[in-house]
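Participant: Below is a structure I'd like to ask you about.
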Amino acid sequence: MDLRTADTTDRLLGEGDVPPVHEVNAGGTSPFLLTSDHYGRVLPRALGDLGIPESELVRHIGWDIGIAGVADRMAQMLDAHLIAQRYSRLVIDCNRPPGVASSIPVMSEATTIPRNEGISDGERGLRRREIFEPYHQRIDAAIDGRIRAKRPTVLVSLHSFTPVYAGVARPWHIGALYNRDTVLPKLLLKHLRSEGDLVVGNNEPYAVSDLTDYTIPVHGEARGLINTGIEIRQDLIADQSGQQQWAERLARIFTEIELELRAELLVG
């Protein structure tokens, strides 16, 4: 089957393909709801290798290196619910509004993605319906359930960033990302800076916006949730030791932040 000319009756995911949504600790009692848009780098069997070598697929253009290990560990340490997305951002980027050029990129950094060139509206729709929408519908459903149960919800969107982008080295170890809501980012920045051994980015290396992001604007800001994005530099979490250390550090910090949010009656 050539999905480039597929109509809407065809399927993208089939036998042997994993479900797009990965969850940890769905019954967690923490007010923090963790998300990871670029958790995995799986490719649907129907798309082959997207026309690029494995050496490119494992780079930062394909996924957020190291964030899976951090996210899974944080969910357990905080007793928090994690909702993550298994497919590569090169198939469809689950933190981009559908329809923008970077949603299904034909080029990422300096790498051309041949399989994404000239695809039909039908295939774009398949990628959206079978990967993007199930992930975001699951986040919506989790938030709806928490609201019905009168459970507080604080959204934390977890990402990692490459230490060098387009030839430019990035000094930050970690960054707090935000747009309209600064409640949680301010607390997070305060705690990170007090660690004493970190170069902390304030909306660095990225800032959240309606045009470049989806999860925080749609699930956080539009629903009135306290929220923040987190970016950890990938060389710090490339192995299990780094992932464990950063998960422990962030779990400790968020435990302290939860106490402050409760003291300020921002979390019930």
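So you can find residues: chains in the structure tokens are A, B, ... in the order shown, residues in each start at 1, and ligands are numbered from 1 in order.
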Within 10 Å of segment 25-35 of chain A, counting only C-alpha atoms, which residues qualify if same-chain residues fewer than 3 places away don't, as a ChimeraX atom specification?

Facilitator: /A:22,38-39,71-72,74-85,135-136,139,142-143,146,151-159,215-216,226-227,229,254-255,258,267-268

Participant: With only C-alpha atoms as the counted atoms, please give the residues lying no more than 10 Å from Ile232 of chain A, apart from itself and same-chain residues fewer than 2 positions off, as a VMD selection string.

Facilitator: chain A and resid 64 to 67 70 158 to 163 172 to 176 200 to 201 205 230 234 to 237 246

Participant: Take the residues from that selection and write them out as a PDB file, in the first residue's frame, keeping C-alpha atoms.

Facilitator:
ATOM      1  CA  ASP A  64      13.692  13.667  22.875  1.00  0.00           C
ATOM      2  CA  ILE A  65      16.754  11.643  23.835  1.00  0.00           C
ATOM      3  CA  GLY A  66      16.710  10.480  27.463  1.00  0.00           C
ATOM      4  CA  ILE A  67      13.351  11.929  28.434  1.00  0.00           C
ATOM      5  CA  VAL A  70      13.354  10.528  33.284  1.00  0.00           C
ATOM      6  CA  LEU A 158       8.640  17.007  29.762  1.00  0.00           C
ATOM      7  CA  HIS A 159      11.163  17.463  26.951  1.00  0.00           C
ATOM      8  CA  SER A 160      14.889  17.309  26.264  1.00  0.00           C
ATOM      9  CA  PHE A 161      17.081  19.408  23.982  1.00  0.00           C
ATOM     10  CA  THR A 162      20.246  18.834  22.021  1.00  0.00           C
ATOM     11  CA  PRO A 163      23.430  20.382  23.514  1.00  0.00           C
ATOM     12  CA  TRP A 172      21.786  25.540  29.937  1.00  0.00           C
ATOM     13  CA  HIS A 173      21.432  22.320  31.888  1.00  0.00           C
ATOM     14  CA  ILE A 174      17.667  22.721  32.164  1.00  0.00           C
ATOM     15  CA  GLY A 175      15.031  25.258  31.234  1.00  0.00           C
ATOM     16  CA  ALA A 176      11.542  26.169  32.409  1.00  0.00           C
ATOM     17  CA  VAL A 200      19.030  27.427  34.275  1.00  0.00           C
ATOM     18  CA  GLY A 201      17.147  28.709  31.245  1.00  0.00           C
ATOM     19  CA  PRO A 205      16.368  27.198  24.859  1.00  0.00           C
ATOM     20  CA  ILE A 230      10.696  21.444  31.164  1.00  0.00           C
ATOM     21  CA  GLN A 234      20.261  15.543  26.369  1.00  0.00           C
ATOM     22  CA  ASP A 235      23.891  14.808  27.189  1.00  0.00           C
ATOM     23  CA  LEU A 236      22.935  14.906  30.888  1.00  0.00           C
ATOM     24  CA  ILE A 237      20.287  12.181  30.529  1.00  0.00           C
ATOM     25  CA  TRP A 246      17.652  13.974  37.143  1.00  0.00           C
TER      26      TRP A 246
END

Participant: Using only C-alpha atoms, determine which residues lie at most 10 Å from Ser209 of chain A, disregarding the query and same-chain residues fewer than 2 positions distant; provide the list as a VMD selection string.

Facilitator: chain A and resid 177 to 180 206 to 207 211 to 214 216 to 217

Participant: I need the chosen residues saved as a short mmCIF file (atom, residue, chain, number, x, y, z; two decimals), in the first residue's frame, with C-alpha atoms.

Facilitator:
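Saved result, result-v8.cif, follows:
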data_model
loop_
_atom_site.label_atom_id
_atom_site.label_comp_id
_atom_site.auth_asym_id
_atom_site.auth_seq_id
_atom_site.Cartn_x
_atom_site.Cartn_y
_atom_site.Cartn_z
CA LEU A 177 9.21 26.99 29.52
CA TYR A 178 5.95 28.91 29.64
CA ASN A 179 3.73 31.48 27.96
CA ARG A 180 0.69 32.96 29.70
CA TYR A 206 12.75 27.62 23.73
CA ALA A 207 9.69 29.61 24.70
CA LEU A 211 2.32 28.65 16.91
CA THR A 212 5.21 26.44 18.03
CA ASP A 213 3.53 24.33 20.74
CA TYR A 214 0.36 22.36 21.30
CA ILE A 216 0.71 23.53 26.95
CA PRO A 217 -1.52 25.96 25.01
#

Participant: In terms of the shortest atom-to-atom distance over only C-alpha atoms, which of A:Pro53, A:Pro114, A:Leu266, A:Leu188 is closest to Arg249 of chain A?

Facilitator: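 Using only C-alpha atoms, the shortest distance to Arg249 of chain A belongs to A:Leu188.
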
Participant: Would you return as a PyMOL selection string the members of segment 82-244 of chain A that DSSP assigns to alpha helix (DSSP H) on this structure's backbone?

Facilitator: chain A and resi 121-127+133-148+183-194+215+240-244

Participant: Check the smallest atom-to-atom distance from each of A:Arg11, A:Arg73, A:Thr111, A:Val199 to Gly242 of chain A using only C-alpha atoms, then report the winner.

Facilitator: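 Once distances to Gly242 of chain A are computed over only C-alpha atoms, the minimum belongs to A:Arg73.
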
Participant: For the atom pair atom CA of Arg170 of chain A and atom CA of His60 of chain A, what is the interatomic distance in Å to one decimal place?

Facilitator: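 These two atoms are separated by 14.2 Å.
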
Participant: For Leu126 of chain A, which residue among A:Gly51, A:Pro98, A:Gly220, A:Gly69 is the nearest when counting only C-alpha atoms?

Facilitator: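 Under the stated criterion, the closest residue is A:Pro98.
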
Participant: May I ask which of the residues A:Arg128, A:Arg86, A:Arg138, A:Arg115 is the closest one to His219 of chain A, counting only C-alpha atoms?

Facilitator: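 Comparing A:Arg128, A:Arg86, A:Arg138, A:Arg115 against His219 of chain A, the winner is A:Arg138.
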
Participant: With DSSP run on the backbone, what are the strand (DSSP E) residues within segment 2-201 of chain A? I'd like them as a PyMOL selection string.

Facilitator: chain A and resi 21-24+32-36+81-85+107-108+111-112+154-161+164-165+168-169+174-177+200-201

Participant: State, in Å with one decimal place, the distance from atom CA of Tyr165 of chain A to atom CA of Asp37 of chain A.

Facilitator: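 Atom CA of Tyr165 of chain A sits 19.7 Å away from atom CA of Asp37 of chain A.
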
Participant: Can you pull out every residue within 9 Å of Gly62 of chain A, counting only C-alpha atoms, but drop anything in the same chain fewer than 4 positions away, and send it as a ChimeraX atom specification?

Facilitator: /A:38,40-41,56-58,88-91,108

Participant: With only C-alpha atoms as the counted atoms, please give the residues lying no more than 12 Å from Glu54 of chain A, apart from itself and same-chain residues fewer than 5 positions off, as a list in words.

Facilitator: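 My reading of the contact set: Arg41, Val42, Leu43, Gly48, Asp49, Arg59, Ile61 and Gly62 of chain A.
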
Participant: Of the candidates A:Glu231, A:Glu130, A:Gly224, A:Ile52, which shows the shortest atom-to-atom distance to Ile147 of chain A, using only C-alpha atoms?

Facilitator: A:Gly224

Participant: So, counting only C-alpha atoms, which residue among A:Leu192, A:Val21, A:Ala263, A:Leu250 is closest to Cys94 of chain A?

Facilitator: A:Val21
